[in-house]
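Here is protein-v7.txt, consisting of compact mmCIF, C-alpha atoms:
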# COMPACT_ATOMS: atom_id res chain seq x y z
CA MET A 27 -15.55 52.99 88.02
CA THR A 28 -14.85 56.43 86.46
CA ASP A 29 -16.82 59.29 87.96
CA ALA A 30 -18.41 61.60 85.36
CA ARG A 31 -17.44 64.62 87.47
CA THR A 32 -13.74 63.98 86.80
CA LEU A 33 -13.87 63.46 83.02
CA SER A 34 -11.88 66.57 82.14
CA ALA A 35 -10.20 67.31 85.47
CA GLN A 36 -6.41 67.62 85.61
CA GLY A 37 -4.89 64.13 85.92
CA SER A 38 -8.01 62.21 84.88
CA PRO A 39 -8.05 59.82 81.92
CA CYS A 40 -9.97 61.68 79.23
CA TRP A 41 -9.36 59.84 75.95
CA VAL A 42 -8.06 56.62 74.41
CA SER A 43 -6.56 56.22 70.93
CA LEU A 44 -5.65 53.11 69.00
CA MET A 45 -2.60 53.20 66.76
CA ALA A 46 -3.59 50.65 64.09
CA ARG A 47 -1.95 49.41 60.92
CA ASP A 48 -5.05 49.98 58.82
CA LEU A 49 -7.86 52.36 59.74
CA ASP A 50 -10.50 50.50 57.75
CA THR A 51 -9.66 47.18 59.39
CA ALA A 52 -9.70 48.69 62.88
CA GLY A 53 -12.87 50.65 62.21
CA GLU A 54 -14.73 47.61 60.90
CA PHE A 55 -13.74 45.56 63.95
CA TYR A 56 -14.53 48.03 66.72
CA GLY A 57 -17.51 49.51 64.92
CA ALA A 58 -19.18 46.11 64.68
CA LEU A 59 -18.17 45.09 68.21
CA LEU A 60 -18.98 48.27 70.15
CA GLY A 61 -21.49 50.06 67.94
CA TRP A 62 -19.19 52.89 66.95
CA GLU A 63 -19.52 55.27 64.03
CA PHE A 64 -16.65 57.41 62.79
CA LYS A 65 -15.95 60.97 61.72
CA GLY A 66 -12.80 62.79 60.72
CA GLY A 67 -10.39 64.12 63.32
CA PRO A 68 -7.14 66.14 63.28
CA THR A 69 -4.74 64.77 60.67
CA GLY A 70 -1.61 66.80 61.39
CA LEU A 71 0.12 63.70 62.80
CA GLY A 72 -1.31 61.34 60.18
CA PRO A 73 -4.68 59.79 59.28
CA TYR A 74 -7.03 59.90 62.27
CA VAL A 75 -10.74 59.43 62.96
CA ARG A 76 -12.89 59.81 66.06
CA ALA A 77 -15.21 57.03 67.13
CA THR A 78 -18.64 58.12 68.33
CA LEU A 79 -21.28 56.26 70.32
CA ASN A 80 -24.78 57.61 69.72
CA GLY A 81 -23.10 60.82 68.58
CA ALA A 82 -20.78 61.16 71.61
CA PRO A 83 -17.00 60.98 70.99
CA VAL A 84 -15.49 58.03 72.88
CA ALA A 85 -12.14 57.10 71.25
CA GLY A 86 -9.75 57.76 68.40
CA LEU A 87 -8.16 55.60 65.71
CA GLY A 88 -4.93 56.53 63.98
CA VAL A 89 -2.21 54.85 61.94
CA ALA A 90 0.86 53.56 63.79
CA PRO A 91 4.27 54.56 62.39
CA ALA A 92 6.17 51.74 60.70
CA GLY A 93 7.70 49.39 63.22
CA PHE A 94 5.42 50.42 66.08
CA PRO A 95 3.01 47.91 67.67
CA VAL A 96 -0.76 48.13 67.44
CA GLU A 97 -1.69 49.47 70.86
CA TRP A 98 -4.26 51.53 72.75
CA THR A 99 -2.95 54.69 74.44
CA THR A 100 -4.60 56.31 77.45
CA TYR A 101 -4.56 60.14 77.56
CA PHE A 102 -4.71 62.18 80.75
CA ALA A 103 -6.27 65.64 80.92
CA ALA A 104 -3.86 68.49 81.67
CA ASP A 105 -4.31 72.20 82.20
CA SER A 106 -0.95 72.73 80.45
CA THR A 107 0.87 70.25 78.23
CA ASP A 108 4.02 72.36 78.47
CA GLY A 109 4.12 72.23 82.25
CA THR A 110 3.21 68.54 82.28
CA ALA A 111 5.93 67.68 79.77
CA GLN A 112 8.47 69.38 81.99
CA ARG A 113 7.32 67.42 85.06
CA ILE A 114 7.45 64.16 83.09
CA ARG A 115 11.14 64.77 82.36
CA GLU A 116 11.87 65.88 85.93
CA CYS A 117 10.27 62.69 87.29
CA GLY A 118 12.29 60.34 85.06
CA GLY A 119 9.87 59.86 82.16
CA THR A 120 10.52 60.43 78.47
CA VAL A 121 8.64 62.82 76.18
CA ALA A 122 8.53 61.31 72.69
CA VAL A 123 6.12 63.70 70.92
CA GLY A 124 5.16 67.29 71.68
CA PRO A 125 3.84 69.36 73.10
CA VAL A 126 2.24 69.77 69.68
CA GLN A 127 -0.94 71.43 68.46
CA ALA A 128 -3.59 69.07 67.05
CA GLU A 129 -5.26 71.69 64.84
CA GLY A 130 -7.99 73.43 66.85
CA ALA A 131 -8.81 70.37 68.95
CA GLY A 132 -6.09 70.84 71.56
CA ARG A 133 -2.46 70.17 72.43
CA LEU A 134 -0.95 66.77 73.08
CA VAL A 135 2.10 64.99 74.39
CA ILE A 136 3.06 61.34 73.95
CA ALA A 137 5.39 60.10 76.67
CA SER A 138 6.55 57.03 78.57
CA ASP A 139 6.80 56.60 82.32
CA VAL A 140 9.67 55.27 84.41
CA SER A 141 8.98 51.65 83.40
CA GLY A 142 8.46 52.45 79.71
CA ALA A 143 4.64 52.39 79.61
CA VAL A 144 3.35 54.80 76.94
CA PHE A 145 0.66 57.35 77.78
CA GLY A 146 -0.67 60.59 76.39
CA VAL A 147 -1.39 64.04 77.78
CA TRP A 148 -4.25 66.13 76.41
CA GLU A 149 -4.90 69.85 76.86
CA GLY A 150 -8.37 70.18 75.44
CA GLN A 151 -9.51 73.18 73.42
CA GLU A 152 -12.30 72.47 70.92
CA HIS A 153 -12.18 68.80 71.93
CA SER A 154 -12.13 68.07 75.67
CA GLY A 155 -12.12 64.28 75.43
CA TRP A 156 -14.61 61.45 75.64
CA GLN A 157 -18.23 62.41 76.26
CA ALA A 158 -19.55 58.99 77.28
CA VAL A 159 -17.98 56.63 79.78
CA ASP A 160 -18.83 53.42 81.64
CA VAL A 161 -21.86 52.65 79.45
CA PRO A 162 -22.03 49.82 76.88
CA GLY A 163 -19.82 50.69 73.92
CA ALA A 164 -17.76 53.33 75.76
CA PRO A 165 -14.48 53.20 77.69
CA SER A 166 -15.07 52.07 81.25
CA TRP A 167 -11.72 51.79 83.02
CA THR A 168 -7.99 52.06 82.46
CA GLU A 169 -5.18 50.61 84.55
CA LEU A 170 -1.41 50.55 84.38
CA ILE A 171 0.34 47.17 84.36
CA THR A 172 3.90 47.69 85.60
CA PRO A 173 6.82 45.88 87.27
CA ASP A 174 7.40 48.93 89.50
CA LEU A 175 4.18 49.80 91.28
CA ASP A 176 5.77 52.12 93.84
CA GLY A 177 7.78 53.95 91.18
CA ALA A 178 4.69 54.34 88.98
CA ALA A 179 2.59 55.62 91.87
CA PHE A 180 5.21 58.26 92.68
CA PHE A 181 5.63 59.20 89.00
CA TYR A 182 1.95 59.75 88.14
CA GLY A 183 1.17 61.35 91.49
CA SER A 184 4.01 63.82 90.96
CA VAL A 185 3.35 64.54 87.29
CA PHE A 186 -0.41 65.11 87.56
CA GLY A 187 -0.86 65.95 91.24
CA GLN A 188 -3.05 62.89 91.77
CA ALA A 189 -3.59 61.30 95.15
CA VAL A 190 -2.43 57.68 95.27
CA GLU A 191 -4.09 55.10 97.53
CA ARG A 192 -2.73 51.59 98.07
CA ARG A 193 -5.35 48.85 97.99
CA GLY A 194 -3.77 45.55 98.89
CA PRO A 195 -1.13 44.64 96.29
CA ASP A 196 -2.42 47.33 93.89
CA ALA A 197 -3.03 51.08 93.93
CA VAL A 198 -5.52 53.59 92.54
CA LEU A 199 -5.09 57.15 91.30
CA MET A 200 -7.60 59.66 92.64
CA VAL A 201 -8.72 63.13 91.55
CA ASP A 202 -11.02 65.26 93.71
CA GLY A 203 -11.73 62.23 95.90
CA SER A 204 -12.79 59.98 93.00
CA VAL A 205 -10.90 56.94 91.74
CA VAL A 206 -9.89 57.57 88.10
CA ALA A 207 -7.41 54.80 87.23
CA GLY A 208 -5.61 51.78 88.64
CA ILE A 209 -2.06 50.48 88.94
CA ARG A 210 -1.36 46.74 89.05
CA GLY A 211 1.88 44.86 89.59
CA ALA A 212 4.09 42.73 87.37
CA THR A 213 2.09 39.51 87.76
CA GLU A 214 -0.45 41.00 85.35
CA LEU A 215 2.08 41.58 82.55
CA ARG A 216 1.67 38.06 81.11
CA GLY A 217 4.85 38.39 79.07
CA GLY A 218 3.89 41.77 77.57
CA PRO A 219 5.53 45.15 78.12
CA PRO A 220 4.44 47.64 80.81
CA ARG A 221 1.32 49.31 79.44
CA TRP A 222 -1.97 51.05 80.12
CA ARG A 223 -4.78 48.51 79.75
CA VAL A 224 -8.11 49.84 78.41
CA TYR A 225 -11.50 48.32 79.25
CA PHE A 226 -14.63 48.86 77.14
CA ALA A 227 -18.09 48.32 78.60
CA VAL A 228 -20.47 45.73 77.13
CA THR A 229 -23.83 44.42 78.28
CA ASP A 230 -22.82 40.74 78.09
CA VAL A 231 -19.16 39.69 78.12
CA GLU A 232 -19.72 36.19 76.71
CA GLU A 233 -21.74 37.50 73.78
CA ALA A 234 -19.20 40.27 73.10
CA VAL A 235 -16.30 37.80 73.19
CA GLN A 236 -18.07 35.54 70.71
CA ARG A 237 -18.71 38.50 68.44
CA ALA A 238 -15.08 39.67 68.70
CA VAL A 239 -13.82 36.23 67.69
CA GLU A 240 -16.26 36.11 64.77
CA LEU A 241 -14.84 39.48 63.65
CA GLY A 242 -11.29 38.11 63.62
CA GLY A 243 -10.18 38.87 67.17
CA ARG A 244 -8.61 36.43 69.60
CA LEU A 245 -9.43 35.63 73.22
CA LEU A 246 -6.52 35.95 75.67
CA VAL A 247 -8.24 35.56 79.05
CA GLU A 248 -11.57 33.76 79.39
CA PRO A 249 -14.51 35.69 80.86
CA SER A 250 -14.03 35.86 84.62
CA ASP A 251 -15.66 37.49 87.60
CA SER A 252 -14.09 40.38 89.52
CA PRO A 253 -15.30 42.83 92.19
CA TYR A 254 -15.76 45.38 89.37
CA GLY A 255 -17.73 43.19 86.97
CA ARG A 256 -17.29 40.24 84.67
CA TYR A 257 -14.42 40.83 82.24
CA ALA A 258 -12.34 39.28 79.45
CA ARG A 259 -9.09 40.17 77.67
CA LEU A 260 -8.67 39.99 73.90
CA LEU A 261 -6.63 40.91 70.84
CA ASP A 262 -8.25 42.74 67.94
CA ARG A 263 -7.84 41.74 64.31
CA GLU A 264 -4.38 43.36 64.11
CA GLY A 265 -3.14 42.19 67.53
CA GLY A 266 -4.05 45.24 69.61
CA ARG A 267 -4.78 44.34 73.25
CA PHE A 268 -8.02 45.44 74.87
CA SER A 269 -10.39 44.30 77.62
CA LEU A 270 -14.15 44.11 78.00
CA VAL A 271 -16.11 44.55 81.22
CA GLU A 272 -19.79 43.88 81.77
CA ARG A 273 -22.05 46.85 82.44
CA GLY A 274 -25.83 47.30 82.47
CA ASN A 275 -27.79 49.16 79.81

Any chance you could give the structure as structure tokens?
Amino acid sequence: MTDARTLSAQGSPCWVSLMARDLDTAGEFYGALLGWEFKGGPTGLGPYVRATLNGAPVAGLGVAPAGFPVEWTTYFAADSTDGTAQRIRECGGTVAVGPVQAEGAGRLVIASDVSGAVFGVWEGQEHSGWQAVDVPGAPSWTELITPDLDGAAFFYGSVFGQAVERRGPDAVLMVDGSVVAGIRGATELRGGPPRWRVYFAVTDVEEAVQRAVELGGRLLVEPSDSPYGRYARLLDREGGRFSLVERGN
């Protein structure tokens, strides 16, 4: 799925963060499910920890403001958060937070696209983003679920300078010739809002689903086969949506 060469390239997904209600609850769930350990991260915007897999940063966990849902946010790498924020506004999106400095780690923006899907922008400094991808326990793939596929394709292509390629009813975003993310149409919304869906790699989907349920999660979509691997969709202990996809060791 994600090519290691594009991990920090402009317009490539580079990080995912969960806004949880309780850091301990979220950490216990994902740590036990995906083998994560945790260390402190920038706290200027509230309590925040970085998840590591065998020492490599792979994701972040923070505390959601009151009234906000528990949700994973996908961040895209940018050479300049200031310039990207301006393009987001020019293309019809909304900038909710930033650009703001996250201590020495980098600068960030939180925004929503033309259909209201929330995403982040990251200008890395001391912290460039995830350092493991598409291996068991790490992020593997991210895709936008939206009622306006054409509008989303134009928006992200314009904001980040990505190439967009239609593939049947869906589309993919490309950077330097590599596919970095997907866009899927409204039939995938399943009653939820437009959003970026995050997949985490596991060695065995059925075993991981069983473990997630034992930890207090809930299965939304039974394990199924796809051209990209066997997958399942779940809720974590606090209701945050995430997906699992099967990968080898």

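Proximity of A:Ala122, A:Val247, A:Ala82, A:Ile136 to A:Gly61, computed with only C-alpha atoms, is greatest for A:Ala82.
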
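Reported to one decimal place, the separation of atom CA of A:Gly118 from atom CA of A:Gly211 is 19.2 Å.
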
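Of note, atom CA of A:Ala90 and atom CA of A:Lys65 are spaced 18.5 Å apart.
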
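The environment of A:Ala178 within 10 Å, counting all atoms listed in the file and disregarding residues fewer than 3 places along the same chain, consists of Asp139, Val140, Ser141, Ala143, Leu170, Ile171, Thr172, Pro173, Asp174, Leu175, Phe181, Tyr182, Gly183, Ser184, Ala197, Ile209, Arg210 and Gly211 of chain A.
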
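Of the listed residues (A:Leu261, A:Val185, A:Val123, A:Val159), A:Leu261 comes nearest to A:Ala238; the distances count all atoms listed in the file.
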
Inset, instruction - Considering all atoms listed in the file, state which residue in the set A:Met45, A:Val205, A:Ala52, A:Ala164 is at the smallest distance from A:Val84. - result: A:Ala164

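Across A:Gly187, A:Pro253, A:Pro73, A:Pro219, the tightest approach to A:Pro95 is made by A:Pro219 when counting all atoms listed in the file.
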
Output stretch 176-206 of chain A with N, CA and C atoms present, as an mmCIF file, in the coordinates of the input.
data_model
loop_
_atom_site.group_PDB
_atom_site.id
_atom_site.type_symbol
_atom_site.label_atom_id
_atom_site.label_comp_id
_atom_site.auth_asym_id
_atom_site.auth_seq_id
_atom_site.Cartn_x
_atom_site.Cartn_y
_atom_site.Cartn_z
ATOM 1 N N ASP A 176 5.450 50.955 93.007
ATOM 2 C CA ASP A 176 5.770 52.120 93.840
ATOM 3 C C ASP A 176 6.338 53.266 92.994
ATOM 4 N N GLY A 177 7.219 52.920 92.042
ATOM 5 C CA GLY A 177 7.780 53.950 91.180
ATOM 6 C C GLY A 177 6.717 54.604 90.315
ATOM 7 N N ALA A 178 5.762 53.790 89.807
ATOM 8 C CA ALA A 178 4.690 54.340 88.980
ATOM 9 C C ALA A 178 3.775 55.232 89.797
ATOM 10 N N ALA A 179 3.453 54.810 91.010
ATOM 11 C CA ALA A 179 2.590 55.620 91.870
ATOM 12 C C ALA A 179 3.222 56.980 92.144
ATOM 13 N N PHE A 180 4.516 56.989 92.441
ATOM 14 C CA PHE A 180 5.210 58.260 92.680
ATOM 15 C C PHE A 180 5.235 59.101 91.410
ATOM 16 N N PHE A 181 5.514 58.470 90.272
ATOM 17 C CA PHE A 181 5.630 59.200 89.000
ATOM 18 C C PHE A 181 4.318 59.896 88.650
ATOM 19 N N TYR A 182 3.213 59.149 88.577
ATOM 20 C CA TYR A 182 1.950 59.750 88.140
ATOM 21 C C TYR A 182 1.418 60.728 89.183
ATOM 22 N N GLY A 183 1.597 60.407 90.461
ATOM 23 C CA GLY A 183 1.170 61.350 91.490
ATOM 24 C C GLY A 183 1.904 62.667 91.392
ATOM 25 N N SER A 184 3.200 62.597 91.062
ATOM 26 C CA SER A 184 4.010 63.820 90.960
ATOM 27 C C SER A 184 3.727 64.585 89.683
ATOM 28 N N VAL A 185 3.555 63.875 88.569
ATOM 29 C CA VAL A 185 3.350 64.540 87.290
ATOM 30 C C VAL A 185 1.998 65.242 87.233
ATOM 31 N N PHE A 186 0.947 64.576 87.713
ATOM 32 C CA PHE A 186 -0.410 65.110 87.560
ATOM 33 C C PHE A 186 -1.012 65.641 88.856
ATOM 34 N N GLY A 187 -0.313 65.491 89.979
ATOM 35 C CA GLY A 187 -0.860 65.950 91.240
ATOM 36 C C GLY A 187 -1.992 65.079 91.738
ATOM 37 N N GLN A 188 -2.004 63.812 91.322
ATOM 38 C CA GLN A 188 -3.050 62.890 91.770
ATOM 39 C C GLN A 188 -2.729 62.367 93.167
ATOM 40 N N ALA A 189 -3.773 62.056 93.912
ATOM 41 C CA ALA A 189 -3.590 61.300 95.150
ATOM 42 C C ALA A 189 -3.469 59.827 94.783
ATOM 43 N N VAL A 190 -2.634 59.102 95.509
ATOM 44 C CA VAL A 190 -2.430 57.680 95.270
ATOM 45 C C VAL A 190 -2.816 56.920 96.534
ATOM 46 N N GLU A 191 -3.647 55.895 96.386
ATOM 47 C CA GLU A 191 -4.090 55.100 97.530
ATOM 48 C C GLU A 191 -3.763 53.636 97.279
ATOM 49 N N ARG A 192 -3.035 53.018 98.188
ATOM 50 C CA ARG A 192 -2.730 51.590 98.070
ATOM 51 C C ARG A 192 -3.960 50.783 98.481
ATOM 52 N N ARG A 193 -4.247 49.756 97.700
ATOM 53 C CA ARG A 193 -5.350 48.850 97.990
ATOM 54 C C ARG A 193 -4.833 47.425 97.839
ATOM 55 N N GLY A 194 -4.374 46.866 98.940
ATOM 56 C CA GLY A 194 -3.770 45.550 98.890
ATOM 57 C C GLY A 194 -2.494 45.590 98.070
ATOM 58 N N PRO A 195 -2.344 44.652 97.114
ATOM 59 C CA PRO A 195 -1.130 44.640 96.290
ATOM 60 C C PRO A 195 -1.143 45.683 95.167
ATOM 61 N N ASP A 196 -2.252 46.388 94.996
ATOM 62 C CA ASP A 196 -2.420 47.330 93.890
ATOM 63 C C ASP A 196 -2.545 48.758 94.435
ATOM 64 N N ALA A 197 -2.833 49.681 93.535
ATOM 65 C CA ALA A 197 -3.030 51.080 93.930
ATOM 66 C C ALA A 197 -4.033 51.711 92.979
ATOM 67 N N VAL A 198 -4.622 52.820 93.399
ATOM 68 C CA VAL A 198 -5.520 53.590 92.540
ATOM 69 C C VAL A 198 -5.066 55.042 92.546
ATOM 70 N N LEU A 199 -5.318 55.720 91.426
ATOM 71 C CA LEU A 199 -5.090 57.150 91.300
ATOM 72 C C LEU A 199 -6.414 57.859 91.527
ATOM 73 N N MET A 200 -6.377 58.961 92.278
ATOM 74 C CA MET A 200 -7.600 59.660 92.640
ATOM 75 C C MET A 200 -7.498 61.138 92.306
ATOM 76 N N VAL A 201 -8.611 61.698 91.840
ATOM 77 C CA VAL A 201 -8.720 63.130 91.550
ATOM 78 C C VAL A 201 -9.993 63.641 92.205
ATOM 79 N N ASP A 202 -9.868 64.669 93.005
ATOM 80 C CA ASP A 202 -11.020 65.260 93.710
ATOM 81 C C ASP A 202 -11.805 64.210 94.487
ATOM 82 N N GLY A 203 -11.092 63.247 95.076
ATOM 83 C CA GLY A 203 -11.730 62.230 95.900
ATOM 84 C C GLY A 203 -12.316 61.064 95.153
ATOM 85 N N SER A 204 -12.232 61.066 93.812
ATOM 86 C CA SER A 204 -12.790 59.980 93.000
ATOM 87 C C SER A 204 -11.675 59.148 92.397
ATOM 88 N N VAL A 205 -11.862 57.841 92.371
ATOM 89 C CA VAL A 205 -10.900 56.940 91.740
ATOM 90 C C VAL A 205 -11.008 57.119 90.224
ATOM 91 N N VAL A 206 -9.860 57.339 89.552
ATOM 92 C CA VAL A 206 -9.890 57.570 88.100
ATOM 93 C C VAL A 206 -9.120 56.524 87.306
#
